[in-house]
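Input: a single structure, listed below in structure tokens.
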Amino acid sequence: MLIDKNRSLSLFIVFGCFLYIFILLLFTECIYDTSIMNYKLIFTGIIAVSFFVPICHIIIGYKYSVRISLLFASIIMSASILQIFYRKSVGFYFIDKSEAISLLQANKNSTKDINTHCSKWTSLNTVVVLFYSDKDVKLPDIASTIVEEDFENYKNYLIVKIQYLGSKRKTVDDVIFVSEEFKKLNIKSLGDLKLLAQMLNSIRYSELPKNTVILLKVDNFKDFTVCGFNRSIQK
């Protein structure tokens with residue numbers, strides 16, 4: 001009878017931990033683009049083991065299963081808090097055209113130069129997305145003539161490009177600098193701009209390598225921010 005009671009209480013504790021981790025992942029990995037799984041894999045491993053050990057003791061009906069479940073529940077909580085502390089954060093900024101030109105020139109000069117120029121953002125975020133605008137003209141409010149597949153292909157191209165440049169850098173402290181102007185997409189209407197906003201919004205930026213800096217030229221930026229790109233942008 002005591003073993004059954006211990007087993008029920010232990011199962012309740014483990015289920016509570018499962019529910020806690022599920023909610024945590026729902027908000028960090030799904031709802032908000034803040035990855036806690038891909039940065040420090042050791043914490044993910046600790047959590048996995050911390051579920052496995054008490055479940056084994058519950059199955060065999062060990063009399064100290066409650067104590068063991070509580071011990072590993074505390075380990076799960078501690079590891080998840082450390083995961084949040086070491087999470088991948090993403091920062092979105094709007095910068096002046098002159099600053100964008102300086103960044104492009106720094107990237108041409110040397111790795112050290114671009115690292116220095118980007119340090120004010122990379123010191124605060126793991127991944128940085130910088131927007132700038134060259135002109136602001138009124139676009140016709142018509143449906144897009146560009147097929148959605150072109151945007152999906154461009155998105156995949158951008159991600160592959162970032163991963164390739166990341167594999168070429170000497171250390172993870174070096175900035176992966178990527179600049180895009182979307183000339184190939186030929187944005188000519190609000191419908192096109194809406195698809196561009198949705199495409200950029202769908203990228204899981206927190207899954208990109210550490211110290212990634214993406215410079216994006218988006219004209220008609222005011223229209224862009226109300227066309228489907230719902231990330232918080234700082235100026």
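Simple scheme: letters A, B, ... for chains in structure tokens order, numbers from 1 for residues in each chain, numbers from 1 for ligands in the order shown.
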
Give me, as a tab-separated table (two decimals) with C-alpha atoms, in the first residue's frame, all polymer residues having an atom no more than 6 Å from segment 36-53 of chain A, counting only C-alpha atoms and skipping those fewer than 5 positions away in the same chain.
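Once written, around00.tsv looks like this:
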chain	number	residue	atom	x	y	z
A	72	PHE	CA	15.23	15.37	-9.77
A	76	ILE	CA	14.87	19.99	-13.73
A	79	ALA	CA	18.51	23.31	-15.37
A	83	GLN	CA	18.53	27.34	-20.01
A	84	ILE	CA	16.47	30.55	-19.84
A	87	ARG	CA	18.81	31.50	-24.04

- [ ] Name the residues in contact with segment 189-206 of chain A at a cut-off of 7 Å, using only C-alpha atoms, excluding same-chain residues fewer than 2 positions from it; report them as an NGL selection string.
- [x] :A and (33-35 or 88-90 or 127 or 139-144 or 146 or 151-152 or 155 or 187 or 208 or 224 or 227-230)

Would you put the residues from that selection into a file with C-alpha atoms, as a compact mmCIF listing (two decimals), in the first residue's frame?
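Below is the file that was written, out-v5.txt:
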# COMPACT_ATOMS: atom_id res chain seq x y z
CA ASP A 33 11.25 33.23 -30.96
CA THR A 34 13.57 32.58 -28.01
CA SER A 35 15.38 29.27 -28.26
CA LYS A 88 19.30 32.80 -27.56
CA SER A 89 17.89 36.31 -27.71
CA VAL A 90 17.03 38.15 -30.93
CA VAL A 127 21.17 37.24 -33.17
CA LEU A 139 3.04 51.53 -53.48
CA PRO A 140 -0.19 50.54 -55.25
CA ASP A 141 -2.58 48.63 -52.99
CA ILE A 142 -2.94 45.58 -55.23
CA ALA A 143 -2.42 41.85 -54.82
CA SER A 144 1.04 40.41 -55.25
CA ILE A 146 4.97 37.19 -57.10
CA PHE A 151 9.48 34.00 -51.09
CA GLU A 152 9.89 30.55 -49.53
CA LYS A 155 13.93 32.43 -47.18
CA ILE A 187 8.76 44.48 -54.64
CA LEU A 208 20.53 30.82 -36.28
CA PHE A 224 6.19 47.04 -44.00
CA CYS A 227 1.90 44.33 -43.42
CA GLY A 228 2.51 41.29 -41.23
CA PHE A 229 5.91 41.73 -39.59
CA ASN A 230 4.96 41.70 -35.92

- [ ] Skip Ser232 of chain A itself and residues of its chain fewer than 5 positions away, then list as a list of chain:residue names all residues within 12 Å of it, counting only C-alpha atoms.
- [x] A:Tyr32, A:Asp33, A:Val90, A:Gly91, A:Phe92, A:Tyr93, A:Phe94, A:Val129, A:Leu130, A:Asn201, A:Thr225, A:Val226

Let me see the file: selected residues, N, CA and C atoms, as a PDB file, in the first residue's frame.
ATOM      1  N   TYR A  32       7.086  32.444 -28.745  1.00  0.00           N
ATOM      2  CA  TYR A  32       8.111  33.487 -28.828  1.00  0.00           C
ATOM      3  C   TYR A  32       9.385  32.902 -29.425  1.00  0.00           C
ATOM      4  N   ASP A  33      10.032  33.695 -30.286  1.00  0.00           N
ATOM      5  CA  ASP A  33      11.247  33.229 -30.960  1.00  0.00           C
ATOM      6  C   ASP A  33      12.450  33.390 -30.034  1.00  0.00           C
ATOM      7  N   VAL A  90      17.014  37.529 -29.604  1.00  0.00           N
ATOM      8  CA  VAL A  90      17.035  38.151 -30.925  1.00  0.00           C
ATOM      9  C   VAL A  90      16.645  39.617 -30.785  1.00  0.00           C
ATOM     10  N   GLY A  91      17.443  40.497 -31.383  1.00  0.00           N
ATOM     11  CA  GLY A  91      17.148  41.930 -31.349  1.00  0.00           C
ATOM     12  C   GLY A  91      16.867  42.463 -32.741  1.00  0.00           C
ATOM     13  N   PHE A  92      15.811  43.267 -32.864  1.00  0.00           N
ATOM     14  CA  PHE A  92      15.434  43.872 -34.146  1.00  0.00           C
ATOM     15  C   PHE A  92      15.582  45.386 -34.026  1.00  0.00           C
ATOM     16  N   TYR A  93      16.311  45.979 -34.967  1.00  0.00           N
ATOM     17  CA  TYR A  93      16.599  47.413 -34.901  1.00  0.00           C
ATOM     18  C   TYR A  93      16.400  48.065 -36.269  1.00  0.00           C
ATOM     19  N   PHE A  94      15.985  49.336 -36.245  1.00  0.00           N
ATOM     20  CA  PHE A  94      15.946  50.139 -37.466  1.00  0.00           C
ATOM     21  C   PHE A  94      17.071  51.158 -37.379  1.00  0.00           C
ATOM     22  N   VAL A 129      18.966  41.562 -36.096  1.00  0.00           N
ATOM     23  CA  VAL A 129      18.382  41.872 -37.400  1.00  0.00           C
ATOM     24  C   VAL A 129      18.270  43.388 -37.513  1.00  0.00           C
ATOM     25  N   LEU A 130      18.943  43.959 -38.508  1.00  0.00           N
ATOM     26  CA  LEU A 130      18.974  45.408 -38.707  1.00  0.00           C
ATOM     27  C   LEU A 130      18.222  45.770 -39.985  1.00  0.00           C
ATOM     28  N   ASN A 201       8.923  37.351 -41.115  1.00  0.00           N
ATOM     29  CA  ASN A 201       8.350  37.074 -39.797  1.00  0.00           C
ATOM     30  C   ASN A 201       8.378  35.586 -39.468  1.00  0.00           C
ATOM     31  N   THR A 225       5.872  47.511 -41.632  1.00  0.00           N
ATOM     32  CA  THR A 225       5.597  47.150 -40.234  1.00  0.00           C
ATOM     33  C   THR A 225       4.123  46.859 -39.969  1.00  0.00           C
ATOM     34  N   VAL A 226       3.244  47.251 -40.879  1.00  0.00           N
ATOM     35  CA  VAL A 226       1.810  46.962 -40.689  1.00  0.00           C
ATOM     36  C   VAL A 226       1.321  45.920 -41.697  1.00  0.00           C
TER      37      VAL A 226
END

Pick out the residues sitting within 10 Å of Lys184 of chain A, and hand them over as an mmCIF file with C-alpha atoms, in the first residue's frame; count only C-alpha atoms, and ignore anything fewer than 3 positions along from it in its own chain.
data_model
loop_
_atom_site.group_PDB
_atom_site.id
_atom_site.type_symbol
_atom_site.label_atom_id
_atom_site.label_comp_id
_atom_site.auth_asym_id
_atom_site.auth_seq_id
_atom_site.Cartn_x
_atom_site.Cartn_y
_atom_site.Cartn_z
ATOM 1 C CA ASP A 150 9.593 32.537 -54.599
ATOM 2 C CA TYR A 154 14.411 33.193 -50.855
ATOM 3 C CA GLU A 181 18.237 44.114 -50.553
ATOM 4 C CA ILE A 187 8.756 44.484 -54.635
#

Open item on the list: DSSP on the backbone: which residues in segment 24-140 of chain A end up as alpha helix (DSSP H)? Give the answer as JSON, numbers by chain.
Closed with: {"A": [24, 25, 41, 42, 43, 44, 45, 46, 47, 48, 49, 50, 51, 52, 53, 54, 55, 56, 57, 58, 59, 60, 65, 66, 67, 68, 69, 70, 71, 72, 73, 74, 75, 76, 77, 78, 79, 80, 81, 82, 83, 84, 85, 97, 98, 99, 100, 101, 102, 103, 104, 105, 106, 107, 108, 109, 111, 112, 113, 114, 115, 116, 117, 118, 119, 120, 121, 122]}

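Using only C-alpha atoms, the nearest neighbour of Phe22 of chain A within the list A:Val147, A:Ser80, A:Ser133, A:Pro209 is A:Ser80.
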